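Enquirer: Enclosed is the structure file upload-v2.cif (mmCIF, C-alpha atoms).
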data_work
#
loop_
_atom_site.label_atom_id
_atom_site.label_comp_id
_atom_site.auth_asym_id
_atom_site.auth_seq_id
_atom_site.Cartn_x
_atom_site.Cartn_y
_atom_site.Cartn_z
CA LYS A 1 -87.07 89.54 50.04
CA PRO A 2 -83.78 91.41 50.65
CA HIS A 3 -81.75 88.21 50.65
CA LEU A 4 -83.18 87.11 47.29
CA ARG A 5 -82.68 90.55 45.72
CA CYS A 6 -79.06 90.53 46.88
CA THR A 7 -78.51 87.09 45.35
CA ILE A 8 -79.99 88.21 42.04
CA VAL A 9 -77.81 91.34 41.97
CA LEU A 10 -74.67 89.36 42.78
CA ARG A 11 -75.47 86.82 40.08
CA ALA A 12 -75.97 89.58 37.52
CA ILE A 13 -72.65 91.18 38.49
CA SER A 14 -70.94 87.81 38.32
CA GLU A 15 -72.28 87.15 34.82
CA LYS A 16 -71.23 90.59 33.65
CA MET A 17 -67.75 90.25 35.15
CA ALA A 18 -67.16 86.64 34.06
CA LEU A 19 -63.56 85.94 33.08
CA SER A 20 -63.01 85.41 29.37
CA VAL A 21 -59.40 84.23 29.77
CA PRO A 22 -58.91 81.12 31.89
CA ARG A 23 -56.01 80.80 34.30
CA PRO A 24 -53.00 79.22 32.56
CA ASP A 25 -52.23 75.63 33.57
CA SER A 26 -48.51 76.26 33.01
CA LEU A 27 -48.38 78.50 36.06
CA LEU A 28 -49.91 75.81 38.24
CA ARG A 29 -46.76 73.75 37.76
CA PRO A 30 -43.50 74.33 39.68
CA LEU A 31 -40.83 76.56 38.15
CA VAL A 32 -38.23 74.51 36.26
CA VAL A 33 -34.80 75.99 35.54
CA PRO A 34 -32.17 73.67 34.02
CA SER A 35 -28.98 73.15 36.00
CA LEU A 36 -26.15 74.00 33.61
CA THR A 37 -22.52 75.03 33.92
CA MET A 38 -22.72 78.39 32.16
CA LEU A 39 -19.68 78.73 29.90
CA GLY A 40 -21.20 80.86 27.16
CA PRO A 41 -20.73 84.55 26.37
CA GLY A 42 -23.02 85.59 29.22
CA PRO A 43 -24.79 85.91 31.49
CA VAL A 44 -22.50 83.99 33.80
CA ALA A 45 -23.57 81.69 36.60
CA CYS A 46 -23.63 83.68 39.82
CA ALA A 47 -21.61 82.53 42.81
CA PRO A 48 -23.62 81.04 45.72
CA ARG A 49 -22.90 84.18 47.74
CA VAL A 50 -24.50 86.34 45.03
CA LEU A 51 -27.51 84.02 44.72
CA ALA A 52 -27.96 84.10 48.49
CA ALA A 53 -28.26 87.89 48.36
CA PHE A 54 -31.43 87.60 46.25
CA ARG A 55 -33.29 86.07 49.20
CA HIS A 56 -33.30 89.32 51.14
CA GLN A 57 -36.49 91.35 51.33
CA MET A 58 -37.26 94.39 49.19
CA LEU A 59 -36.25 97.86 50.38
CA PRO A 60 -37.69 101.18 49.14
CA THR A 61 -35.61 103.75 47.27
CA PHE A 62 -35.80 106.73 49.61
CA ALA A 63 -33.15 108.85 51.29
CA CYS A 64 -34.59 107.99 54.72
CA ASN A 65 -33.90 104.28 54.08
CA ASP A 66 -30.43 104.09 55.56
CA SER A 67 -30.02 100.39 54.77
CA LEU A 68 -30.41 100.69 51.00
CA VAL A 69 -28.45 103.96 50.91
CA THR A 70 -25.55 102.17 52.63
CA ILE A 71 -25.70 99.28 50.15
CA MET A 72 -25.71 101.70 47.22
CA ALA A 73 -22.73 103.56 48.73
CA ASP A 74 -20.89 100.22 49.01
CA ILE A 75 -21.58 99.59 45.33
CA ARG A 76 -20.30 103.00 44.28
CA GLN A 77 -17.03 102.40 46.14
CA GLY A 78 -16.72 98.92 44.64
CA LEU A 79 -17.29 100.29 41.15
CA GLN A 80 -14.65 102.98 41.67
CA TYR A 81 -12.26 100.16 42.60
CA VAL A 82 -12.94 97.90 39.61
CA LEU A 83 -12.96 100.87 37.21
CA GLN A 84 -9.91 102.41 38.92
CA THR A 85 -11.43 105.86 39.16
CA THR A 86 -11.99 108.51 41.80
CA SER A 87 -14.94 109.98 39.90
CA PRO A 88 -17.88 110.68 42.21
CA TYR A 89 -20.24 110.31 39.25
CA THR A 90 -20.15 106.52 39.47
CA PHE A 91 -23.35 104.51 39.89
CA ALA A 92 -25.52 101.90 38.15
CA VAL A 93 -28.43 102.05 35.74
CA SER A 94 -31.51 99.91 36.34
CA GLY A 95 -31.57 97.90 33.14
CA ALA A 96 -29.47 95.68 30.92
CA ALA A 97 -26.11 96.83 29.56
CA HIS A 98 -27.93 98.29 26.55
CA ALA A 99 -29.50 100.78 28.97
CA ALA A 100 -26.05 101.81 30.18
CA MET A 101 -24.87 102.16 26.57
CA GLU A 102 -27.78 104.44 25.78
CA CYS A 103 -27.25 106.37 29.02
CA ALA A 104 -23.62 107.00 28.04
CA LEU A 105 -24.52 108.26 24.59
CA VAL A 106 -27.73 110.19 25.25
CA ASN A 107 -26.11 112.25 28.02
CA THR A 108 -22.86 113.13 26.24
CA LEU A 109 -24.34 113.82 22.82
CA GLU A 110 -26.90 116.37 21.63
CA PRO A 111 -28.84 116.42 18.35
CA GLY A 112 -26.49 117.46 15.56
CA ASP A 113 -23.32 116.38 17.38
CA VAL A 114 -20.95 114.07 15.55
CA ALA A 115 -20.22 110.66 17.06
CA LEU A 116 -17.34 108.58 15.70
CA ILE A 117 -18.12 104.93 16.37
CA THR A 118 -15.63 102.14 15.86
CA VAL A 119 -17.28 99.04 14.45
CA HIS A 120 -15.62 95.63 14.49
CA GLY A 121 -18.58 93.65 15.75
CA LEU A 122 -22.17 93.95 16.91
CA TRP A 123 -21.71 96.48 19.71
CA GLY A 124 -20.45 99.28 17.50
CA GLU A 125 -23.48 98.68 15.28
CA ARG A 126 -25.78 98.92 18.30
CA ALA A 127 -24.14 102.15 19.46
CA SER A 128 -24.59 103.57 15.96
CA GLU A 129 -28.28 102.69 16.00
CA ILE A 130 -28.79 104.30 19.40
CA ALA A 131 -26.96 107.50 18.44
CA ASP A 132 -28.84 107.77 15.15
CA ARG A 133 -32.19 107.50 16.94
CA HIS A 134 -31.20 110.56 19.00
CA ASP A 135 -30.49 112.62 15.86
CA VAL A 136 -26.73 112.41 16.27
CA VAL A 137 -24.57 112.51 13.13
CA VAL A 138 -22.97 109.05 13.10
CA LYS A 139 -19.60 108.42 11.46
CA GLN A 140 -18.18 104.91 11.51
CA LEU A 141 -14.62 103.62 11.48
CA ARG A 142 -14.92 99.97 10.44
CA LYS A 143 -12.72 96.89 10.60
CA ASP A 144 -13.35 93.21 10.07
CA LEU A 145 -14.34 91.00 12.97
CA GLY A 146 -11.28 89.86 14.90
CA GLN A 147 -9.32 93.06 14.17
CA VAL A 148 -8.49 96.03 16.43
CA PHE A 149 -7.88 99.72 15.78
CA THR A 150 -4.51 101.46 15.92
CA LEU A 151 -3.78 104.92 17.33
CA ALA A 152 -2.79 106.08 13.85
CA GLU A 153 -6.16 105.02 12.42
CA LEU A 154 -8.02 106.71 15.25
CA LYS A 155 -5.99 109.91 14.88
CA GLN A 156 -6.79 110.12 11.18
CA ALA A 157 -10.51 109.60 11.81
CA LEU A 158 -10.58 112.19 14.61
CA GLU A 159 -8.93 114.74 12.33
CA GLU A 160 -11.37 113.98 9.53
CA HIS A 161 -14.67 113.89 11.42
CA LYS A 162 -14.02 116.14 14.45
CA PRO A 163 -16.48 114.21 16.67
CA ALA A 164 -17.85 115.19 20.06
CA VAL A 165 -17.60 111.55 21.17
CA LEU A 166 -15.50 108.55 20.15
CA PHE A 167 -17.17 105.23 21.00
CA MET A 168 -15.04 102.08 21.37
CA THR A 169 -15.68 98.52 22.52
CA HIS A 170 -12.96 97.29 24.88
CA GLY A 171 -13.99 93.63 24.68
CA GLU A 172 -15.87 92.84 21.46
CA SER A 173 -17.60 89.58 22.39
CA THR A 174 -18.92 88.96 18.86
CA GLY A 175 -15.43 89.21 17.33
CA GLY A 176 -13.32 87.98 20.24
CA THR A 177 -11.05 91.01 20.43
CA LEU A 178 -9.51 93.00 23.27
CA GLN A 179 -9.05 96.56 22.00
CA PRO A 180 -5.90 98.35 23.31
CA LEU A 181 -6.94 101.62 24.99
CA GLU A 182 -3.68 103.13 26.25
CA GLY A 183 -3.17 106.51 24.61
CA VAL A 184 -6.69 106.68 23.14
CA GLY A 185 -8.12 108.98 25.82
CA GLU A 186 -5.18 111.36 25.59
CA LEU A 187 -5.54 111.42 21.81
CA CYS A 188 -9.28 112.15 22.03
CA HIS A 189 -8.76 115.06 24.38
CA LYS A 190 -6.29 116.69 21.98
CA TYR A 191 -9.22 116.88 19.59
CA ASN A 192 -11.74 118.04 22.23
CA CYS A 193 -13.53 114.70 22.05
CA LEU A 194 -14.92 112.49 24.82
CA LEU A 195 -14.08 108.77 24.97
CA VAL A 196 -16.99 106.40 25.67
CA VAL A 197 -16.05 102.74 26.14
CA ASP A 198 -18.14 99.57 26.25
CA THR A 199 -16.47 97.40 28.94
CA VAL A 200 -19.24 94.81 29.36
CA ALA A 201 -16.97 91.85 28.63
CA THR A 202 -13.86 93.21 30.36
CA VAL A 203 -14.23 95.23 33.57
CA GLY A 204 -13.77 92.94 36.54
CA ALA A 205 -11.67 90.43 34.55
CA VAL A 206 -8.93 92.26 32.64
CA PRO A 207 -6.87 95.37 33.45
CA PHE A 208 -8.81 98.60 33.04
CA PHE A 209 -7.81 102.05 34.28
CA MET A 210 -10.46 104.72 33.76
CA ASP A 211 -8.47 107.63 35.18
CA LYS A 212 -5.00 106.61 33.98
CA TRP A 213 -6.24 105.93 30.44
CA GLU A 214 -8.41 109.09 30.46
CA VAL A 215 -11.63 107.22 29.65
CA ASP A 216 -14.56 109.59 30.01
CA VAL A 217 -17.53 107.23 30.17
CA PRO A 218 -17.03 103.50 30.69
CA PHE A 219 -20.13 101.37 31.11
CA THR A 220 -20.68 97.70 31.72
CA GLY A 221 -23.23 95.11 32.81
CA ALA A 222 -23.10 93.31 36.14
CA HIS A 223 -23.90 89.97 34.50
CA LYS A 224 -20.60 89.20 32.78
CA ALA A 225 -17.07 89.84 34.03
CA ILE A 226 -18.24 91.29 37.36
CA GLY A 227 -20.25 88.14 38.10
CA GLY A 228 -23.48 89.79 39.23
CA PRO A 229 -27.12 89.62 38.10
CA VAL A 230 -28.71 90.81 34.88
CA GLY A 231 -30.61 94.08 35.15
CA VAL A 232 -28.21 96.48 36.85
CA SER A 233 -25.49 98.13 34.77
CA PRO A 234 -22.60 100.22 36.13
CA ILE A 235 -21.49 103.48 34.54
CA SER A 236 -19.11 106.29 35.42
CA PHE A 237 -18.57 109.81 34.11
CA SER A 238 -15.29 111.71 34.25
CA SER A 239 -15.23 115.35 35.32
CA ARG A 240 -14.75 116.26 31.66
CA ALA A 241 -17.84 114.29 30.66
CA TRP A 242 -19.82 115.73 33.56
CA LYS A 243 -18.94 119.26 32.47
CA LYS A 244 -20.35 118.43 29.03
CA ILE A 245 -23.57 117.25 30.69
CA GLU A 246 -23.77 120.38 32.87
CA THR A 247 -23.35 122.67 29.86
CA ARG A 248 -25.81 120.99 27.49
CA THR A 249 -27.99 123.38 25.49
CA SER A 250 -30.84 120.87 25.24
CA LYS A 251 -32.58 118.50 27.61
CA VAL A 252 -31.43 114.90 27.74
CA ARG A 253 -33.93 113.10 25.53
CA SER A 254 -34.52 110.30 28.03
CA PHE A 255 -35.94 110.98 31.47
CA TYR A 256 -35.23 107.43 32.62
CA LEU A 257 -31.58 107.59 31.55
CA ASP A 258 -30.85 111.22 32.56
CA ALA A 259 -27.46 110.93 34.27
CA LYS A 260 -27.99 113.90 36.62
CA LEU A 261 -31.25 112.44 37.92
CA LEU A 262 -29.71 108.99 38.26
CA ALA A 263 -26.72 110.43 40.13
CA GLN A 264 -29.07 112.10 42.60
CA CYS A 265 -30.99 108.86 43.09
CA TRP A 266 -27.68 107.10 43.87
CA SER A 267 -26.52 109.95 46.16
CA ALA A 268 -23.62 110.55 43.77
CA LEU A 269 -24.92 114.09 43.41
CA GLU A 270 -26.54 116.17 46.13
CA PRO A 271 -29.27 116.54 47.10
CA PHE A 272 -30.85 113.08 46.95
CA LYS A 273 -33.85 113.04 44.65
CA TYR A 274 -36.15 110.09 44.04
CA HIS A 275 -36.05 109.15 40.36
CA HIS A 276 -37.32 105.59 40.07
CA THR A 277 -37.63 102.47 42.20
CA CYS A 278 -34.26 100.76 41.99
CA LEU A 279 -34.02 96.98 41.74
CA PRO A 280 -33.32 95.88 45.32
CA THR A 281 -32.45 92.21 44.72
CA SER A 282 -30.22 93.01 41.74
CA THR A 283 -28.59 95.75 43.81
CA TYR A 284 -27.85 93.26 46.60
CA GLY A 285 -26.39 90.83 44.07
CA LEU A 286 -24.15 93.48 42.51
CA ARG A 287 -22.92 94.49 45.95
CA GLU A 288 -21.92 90.91 46.75
CA ALA A 289 -20.27 90.34 43.36
CA LEU A 290 -18.15 93.45 43.91
CA ALA A 291 -17.37 92.34 47.47
CA MET A 292 -15.98 89.08 46.10
CA ILE A 293 -13.66 90.99 43.74
CA VAL A 294 -12.52 93.26 46.58
CA GLU A 295 -11.81 90.28 48.86
CA GLU A 296 -9.79 88.44 46.20
CA GLY A 297 -8.00 91.60 45.08
CA LEU A 298 -8.34 93.11 41.62
CA GLU A 299 -4.85 92.19 40.42
CA LYS A 300 -5.34 88.57 41.50
CA VAL A 301 -8.68 88.50 39.69
CA TRP A 302 -7.00 89.71 36.51
CA GLU A 303 -4.26 87.10 36.91
CA ARG A 304 -6.80 84.31 37.44
CA HIS A 305 -8.64 85.19 34.25
CA ARG A 306 -5.45 85.39 32.21
CA THR A 307 -4.15 82.07 33.58
CA ASN A 308 -7.41 80.25 32.87
CA SER A 309 -7.78 81.69 29.38
CA ASP A 310 -4.20 80.71 28.52
CA GLU A 311 -4.92 77.19 29.81
CA LEU A 312 -8.10 77.02 27.73
CA TRP A 313 -6.42 78.26 24.53
CA SER A 314 -3.52 75.87 24.92
CA GLY A 315 -5.86 72.93 25.49
CA LEU A 316 -8.05 73.76 22.50
CA GLU A 317 -5.02 74.06 20.23
CA LYS A 318 -3.82 70.65 21.44
CA CYS A 319 -7.20 69.30 20.29
CA GLY A 320 -6.35 70.57 16.80
CA LEU A 321 -8.65 73.60 17.01
CA ASN A 322 -7.75 77.13 15.93
CA MET A 323 -8.57 80.36 17.72
CA TYR A 324 -10.39 82.93 15.60
CA VAL A 325 -8.22 85.82 16.84
CA VAL A 326 -4.66 84.83 15.99
CA ASN A 327 -2.80 87.57 17.90
CA LYS A 328 -2.92 86.62 21.59
CA ASP A 329 -2.33 90.24 22.63
CA HIS A 330 -5.60 91.18 20.92
CA ARG A 331 -7.54 88.11 22.06
CA LEU A 332 -10.35 88.64 24.59
CA PRO A 333 -9.60 86.50 27.68
CA THR A 334 -13.19 86.35 28.88
CA ILE A 335 -14.91 85.10 25.71
CA SER A 336 -12.91 82.89 23.37
CA LEU A 337 -13.86 82.32 19.75
CA ILE A 338 -12.90 78.91 18.33
CA CYS A 339 -13.04 78.18 14.60
CA VAL A 340 -15.40 75.37 13.62
CA PRO A 341 -13.38 72.86 11.56
CA THR A 342 -14.49 72.08 8.02
CA GLY A 343 -17.11 69.35 7.96
CA VAL A 344 -18.08 69.75 11.63
CA ASN A 345 -21.68 70.54 12.56
CA TRP A 346 -21.32 73.35 15.08
CA ARG A 347 -24.88 73.02 16.37
CA ALA A 348 -24.53 69.27 16.94
CA VAL A 349 -21.48 69.93 19.11
CA VAL A 350 -23.29 72.58 21.17
CA ASP A 351 -26.34 70.37 21.66
CA TYR A 352 -24.27 67.30 22.56
CA ILE A 353 -22.29 69.22 25.18
CA ARG A 354 -25.47 70.64 26.68
CA GLU A 355 -27.29 67.32 26.82
CA LYS A 356 -24.47 64.99 27.87
CA HIS A 357 -22.24 67.30 29.94
CA GLU A 358 -24.88 69.81 31.15
CA LEU A 359 -22.54 72.55 30.03
CA GLN A 360 -23.47 75.58 27.97
CA ILE A 361 -21.30 76.99 25.18
CA GLU A 362 -22.62 79.00 22.25
CA GLY A 363 -22.15 79.73 18.59
CA ALA A 364 -21.80 83.24 17.21
CA MET A 365 -24.14 86.03 16.21
CA GLY A 366 -23.99 87.81 12.87
CA PRO A 367 -21.47 87.05 10.11
CA LEU A 368 -19.63 84.44 12.20
CA GLY A 369 -22.76 82.37 12.78
CA GLY A 370 -21.93 78.70 12.16
CA LYS A 371 -18.23 79.50 11.82
CA VAL A 372 -17.11 79.76 15.46
CA TRP A 373 -17.97 78.56 18.94
CA ARG A 374 -17.81 80.90 21.91
CA ILE A 375 -16.64 79.77 25.34
CA GLY A 376 -16.85 82.19 28.25
CA MET A 377 -14.58 82.14 31.30
CA MET A 378 -15.70 85.04 33.46
CA ALA A 379 -16.02 85.93 37.12
CA TYR A 380 -17.00 82.94 39.32
CA ASN A 381 -16.95 80.73 36.20
CA SER A 382 -13.29 81.41 35.48
CA SER A 383 -11.58 78.45 37.15
CA SER A 384 -9.13 75.71 36.25
CA TYR A 385 -11.89 73.20 37.02
CA ASN A 386 -14.20 74.74 34.41
CA VAL A 387 -11.37 74.87 31.88
CA GLU A 388 -10.95 71.10 32.28
CA LEU A 389 -14.71 70.61 31.98
CA ALA A 390 -14.85 72.60 28.77
CA LEU A 391 -11.85 70.85 27.21
CA GLY A 392 -13.16 67.39 28.13
CA ALA A 393 -16.60 68.19 26.72
CA MET A 394 -15.17 69.57 23.47
CA LYS A 395 -12.96 66.50 22.97
CA ASP A 396 -15.91 64.18 23.58
CA ALA A 397 -18.27 66.12 21.31
CA LEU A 398 -15.79 66.35 18.42
CA SER A 399 -15.24 62.59 18.60
CA ASN A 400 -18.88 61.57 18.89
CA ALA A 401 -21.20 64.28 17.60
CA GLY A 402 -19.44 66.78 15.40
CA ARG A 403 -19.67 65.14 11.98
#
Could the structure of this file be written out as structure tokens, please?
Expert:
Amino acid sequence: KPHLRCTIVLRAISEKMALSVPRPDSLLRPLVVPSLTMLGPGPVACAPRVLAAFRHQMLPTFACNDSLVTIMADIRQGLQYVLQTTSPYTFAVSGAAHAAMECALVNTLEPGDVALITVHGLWGERASEIADRHDVVVKQLRKDLGQVFTLAELKQALEEHKPAVLFMTHGESTGGTLQPLEGVGELCHKYNCLLVVDTVATVGAVPFFMDKWEVDVPFTGAHKAIGGPVGVSPISFSSRAWKKIETRTSKVRSFYLDAKLLAQCWSALEPFKYHHTCLPTSTYGLREALAMIVEEGLEKVWERHRTNSDELWSGLEKCGLNMYVVNKDHRLPTISLICVPTGVNWRAVVDYIREKHELQIEGAMGPLGGKVWRIGMMAYNSSSYNVELALGAMKDALSNAGR
């Protein structure tokens, strides 16, 4: 009978197509995300306004979609404001800040070019690794963690290595330093060298002037000092850097991170050309984070961060703790490194603060692991209230859990 034959066929198909991997029970339970006050090195806790932006529906990345094009134009203007640049080649990369770092290097360097990379923490090491993978000749200028580079040291290295690009980290979050940049861009250009700067821990919180300081390619991540989401990373190219891109003799080795294609996708370069599907919810969040900076005013944002970091440092020193970076002028205001006293269990302090105070601070990566704590005061998190929370939690933990 037809009905019986159909049943037999369906049963045979079902047996052949039987699932070998069962559905995971873990995904049948509700999503659980701990509620913590995020005072680590990043990402920061987003402001309610930024979180609210994530609830909006997806939009496609096409020139005919006026809504998303308008949002992206808003972002470009906001980025020009926080970077203090008039460069039209200002947009964001879909990816973490590492993607922006690679975008900066892979577009301004060709195989065989020399890159001079300053290393006083993890991020110079990462930049070196990226450049090396693209067959760039990497030269390093090294200093210990917690130290910064002088113009005289940079001048000597530029004369010796004659690089196409100098890479510097403005805010070295693994060493706690704020690298002075005034005069560096001018010095680079005397030696026909571009200046690429990692500003992940600084832009949006401390003074930065792309045009005035003659920085050619600053890049950052939205998830730290700007106060936005992870996954969208701003970058800007000066006219000098863009000329280098336009006159390359070889193709950019990454299609995904090709700056000219990205600029077209962001309508920073005409005509618009679809490159990839941008991240709508992250884009909305970045737009709102920038809007909050614009509403407060950039100079007031800088002042707020400096005031709160000074308050934090003073309070920690009153607790008998020492800052890892001694020179306050070279100390990163957004991420503070505190020396772990002799005999204190750094991990016990971190765990106690997390469990009792529902507050997140962190230890260090690399050579400083177990030797310092890191407390972040960035964006929405940078407030006098959070300073008091952090100080109270540290005092409690040192008295009850540190030894």
Enquirer: Identify which of the residues A:Ile75, A:Met378, A:Leu262, A:Ala52 lies closest to His223 in chain A, counting all atoms listed in the file when measuring atom-to-atom distances.
Expert: A:Met378
Enquirer: Expand the PyMOL selection byres ((chain A and resi 220) around 6) into the explicit residue set it covers here, and present it as a ChimeraX atom specification.
Expert: /A:97,199-200,219,221,233-234
Enquirer: Can those selected residues be exported to a file as a PDB file, keeping the file's coordinate frame so that it contains C-alpha atoms?
Expert:
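Full text of result_7.pdb as output:
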ATOM      1  CA  ALA A  97     -26.110  96.830  29.560  1.00  0.00           C
ATOM      2  CA  THR A 199     -16.470  97.400  28.940  1.00  0.00           C
ATOM      3  CA  VAL A 200     -19.240  94.810  29.360  1.00  0.00           C
ATOM      4  CA  PHE A 219     -20.130 101.370  31.110  1.00  0.00           C
ATOM      5  CA  GLY A 221     -23.230  95.110  32.810  1.00  0.00           C
ATOM      6  CA  SER A 233     -25.490  98.130  34.770  1.00  0.00           C
ATOM      7  CA  PRO A 234     -22.600 100.220  36.130  1.00  0.00           C
TER       8      PRO A 234
END
Enquirer: How many Å lie between CA of Ala157 in chain A and CA of Gly112 in chain A, rounded to one decimal?
Expert: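 Interatomic distance, CA of Ala157 in chain A to CA of Gly112 in chain A: 18.2 Å.
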Enquirer: With distances taken over all atoms listed in the file, which residue among A:His120, A:Lys224, A:Arg306, A:His161 lies nearest Phe149 in chain A?
Expert: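 Comparing A:His120, A:Lys224, A:Arg306, A:His161 against Phe149 in chain A, the winner is A:His120.
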Enquirer: CA of Ala379 in chain A and CA of Pro333 in chain A, how far apart in Å?
Expert: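 Between CA of Pro333 in chain A and CA of Ala379 in chain A the gap works out to 11.4 Å.
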Enquirer: Can you pull out the residues contacting range 99-101 of chain A? Cut-off 12 Å, using all atoms listed in the file, and skip same-chain residues under 6 positions away; I want them as a PyMOL selection string.
Expert: chain A and resi 90-93+107-108+123-131+167-169+196-200+217-222+230-237+254+256-259+262
Enquirer: Since I can't run it myself right now, could you work out what the PyMOL selection byres ((chain A and resi 278) around 12) selects here and report it as a PyMOL selection string?
Expert: chain A and resi 58-62+68-69+71-72+91-95+231-233+256+262+265-266+274-277+279-284
